[in-house]
Amino acid sequence: MEFESEDSAKIFYDEYARRLGFVMRVMSCRRSERDGKILARRLGCNKEGHCVSIRGKFGPVRKPRPSTREGCKAMIHVKYDKSGKWVITKFVKDHNHPLVVSPREARQTMDEKDKKIQELTAELRNKKRLCATYQEQLNAFMKMVEEHSEQISKKVQNVVDNLKEFESIEQDLLRHR
C-alpha cells in the first residue's frame, strides 16, 4: 500500500489496530544523515518487546505494575519512496496475545486513566484526519495559485514582448520621418 504522507500511514495503521482490537505504537524511525528527515518508520502493537525492570536504578518502586509488554511482533514498516509516497515494505499480521474484540470487553478492564487515554487518542486521531484533509486542501490551493501565477507571468511576458515590439516599430517610424 502507498500513502501520501507518514501521518496518513500512521492514521491508517492506527485505524486498523483499533478495528482489530489492539493499540498502535510508534516504535522506531530512520532519519536521513544529510537533513534529518524521516526516511522510514516502524509502527506496531503496544505489546511489542519486554519490559525491563528499573527497580534498582531509581530506588524502590512505590506501586509495581504488571508489564503490558508480551513480545508481540505485529507491525508494519513504512518507507519514503523515490516517488514521494510512503510505502509499506513489511507487514507482520500475527499477534501472540488475545485481541480486545469489542469495546464493551475493553471497558470492563479499563480504569479511569485508560479511559481518558482512549478518549484523547480518539480525539487526536480525529484531529490528525482533519489536519490531513486541511493539508490536502492547502496543497490543492497552492497548486492552483502556482498555476495561476504561471499564467499571469506568461501574460505579463507577452505584454512586455508586445511593448518591446511596439517600441521598436515606433522607433523605426520616428527614424523614417
# chains A, B, ... in the order shown; residues from 1 in each chain; ligands from 1

$ select_by_dssp --residues "region 7-48 of chain A" --states "strand (DSSP E or B)" --output "PyMOL selection string"
chain A and resi 24-31+38-45

$ residues_around --residues "region 9-16 of chain A" --least-positions-apart "5" --cutoff "9 Å" --atoms "only C-alpha atoms" --output "PyMOL selection string"
chain A and resi 2-4+21-26+43-44+76+78+86-88+125+128-129

$ atom_distance --atom1 "CA of Arg30 (chain A)" --atom2 "CA of Lys47 (chain A)"
21.3 Å

$ atom_distance --atom1 "CA of His95 (chain A)" --atom2 "CA of Cys45 (chain A)"
8.1 Å

$ select_by_dssp --residues "chain A" --states "helix (DSSP H, G or I)" --output "VMD selection string"
chain A and resid 6 to 20 103 to 109 112 to 175

$ decode --residues "region 120-141 of chain A" --atoms "N, CA and C atoms" --output "mmCIF file, in the first residue's frame"
data_model
loop_
_atom_site.group_PDB
_atom_site.id
_atom_site.type_symbol
_atom_site.label_atom_id
_atom_site.label_comp_id
_atom_site.auth_asym_id
_atom_site.auth_seq_id
_atom_site.Cartn_x
_atom_site.Cartn_y
_atom_site.Cartn_z
ATOM 1 N N LEU A 120 -8.600 10.599 24.549
ATOM 2 C CA LEU A 120 -7.638 11.533 23.954
ATOM 3 C C LEU A 120 -7.050 10.979 22.662
ATOM 4 N N THR A 121 -6.829 9.657 22.630
ATOM 5 C CA THR A 121 -6.315 9.029 21.408
ATOM 6 C C THR A 121 -7.324 9.165 20.275
ATOM 7 N N ALA A 122 -8.597 8.948 20.586
ATOM 8 C CA ALA A 122 -9.644 9.100 19.567
ATOM 9 C C ALA A 122 -9.715 10.553 19.093
ATOM 10 N N GLU A 123 -9.620 11.487 20.041
ATOM 11 C CA GLU A 123 -9.650 12.908 19.675
ATOM 12 C C GLU A 123 -8.442 13.264 18.800
ATOM 13 N N LEU A 124 -7.283 12.754 19.177
ATOM 14 C CA LEU A 124 -6.067 13.011 18.391
ATOM 15 C C LEU A 124 -6.199 12.402 16.996
ATOM 16 N N ARG A 125 -6.742 11.193 16.901
ATOM 17 C CA ARG A 125 -6.947 10.536 15.608
ATOM 18 C C ARG A 125 -7.830 11.406 14.711
ATOM 19 N N ASN A 126 -8.919 11.947 15.301
ATOM 20 C CA ASN A 126 -9.812 12.807 14.529
ATOM 21 C C ASN A 126 -9.114 14.086 14.097
ATOM 22 N N LYS A 127 -8.318 14.663 14.993
ATOM 23 C CA LYS A 127 -7.588 15.899 14.660
ATOM 24 C C LYS A 127 -6.558 15.623 13.564
ATOM 25 N N LYS A 128 -5.914 14.464 13.611
ATOM 26 C CA LYS A 128 -4.936 14.120 12.577
ATOM 27 C C LYS A 128 -5.624 13.960 11.230
ATOM 28 N N ARG A 129 -6.804 13.324 11.226
ATOM 29 C CA ARG A 129 -7.566 13.186 9.990
ATOM 30 C C ARG A 129 -7.933 14.557 9.440
ATOM 31 N N LEU A 130 -8.375 15.446 10.341
ATOM 32 C CA LEU A 130 -8.747 16.794 9.946
ATOM 33 C C LEU A 130 -7.532 17.540 9.384
ATOM 34 N N CYS A 131 -6.384 17.399 10.056
ATOM 35 C CA CYS A 131 -5.145 18.037 9.585
ATOM 36 C C CYS A 131 -4.746 17.501 8.209
ATOM 37 N N ALA A 132 -4.873 16.203 8.019
ATOM 38 C CA ALA A 132 -4.526 15.608 6.724
ATOM 39 C C ALA A 132 -5.445 16.160 5.634
ATOM 40 N N THR A 133 -6.729 16.318 5.960
ATOM 41 C CA THR A 133 -7.675 16.889 4.996
ATOM 42 C C THR A 133 -7.307 18.331 4.684
ATOM 43 N N TYR A 134 -7.013 19.110 5.732
ATOM 44 C CA TYR A 134 -6.609 20.509 5.521
ATOM 45 C C TYR A 134 -5.328 20.582 4.697
ATOM 46 N N GLN A 135 -4.399 19.676 4.959
ATOM 47 C CA GLN A 135 -3.136 19.666 4.214
ATOM 48 C C GLN A 135 -3.389 19.398 2.734
ATOM 49 N N GLU A 136 -4.258 18.439 2.449
ATOM 50 C CA GLU A 136 -4.599 18.139 1.058
ATOM 51 C C GLU A 136 -5.256 19.342 0.392
ATOM 52 N N GLN A 137 -6.170 20.004 1.112
ATOM 53 C CA GLN A 137 -6.841 21.177 0.554
ATOM 54 C C GLN A 137 -5.840 22.312 0.336
ATOM 55 N N LEU A 138 -4.944 22.498 1.292
ATOM 56 C CA LEU A 138 -3.927 23.542 1.166
ATOM 57 C C LEU A 138 -3.013 23.258 -0.019
ATOM 58 N N ASN A 139 -2.612 22.008 -0.182
ATOM 59 C CA ASN A 139 -1.762 21.642 -1.318
ATOM 60 C C ASN A 139 -2.481 21.888 -2.644
ATOM 61 N N ALA A 140 -3.762 21.537 -2.700
ATOM 62 C CA ALA A 140 -4.535 21.774 -3.923
ATOM 63 C C ALA A 140 -4.643 23.274 -4.195
ATOM 64 N N PHE A 141 -4.874 24.061 -3.146
ATOM 65 C CA PHE A 141 -4.959 25.512 -3.300
ATOM 66 C C PHE A 141 -3.627 26.089 -3.775
#
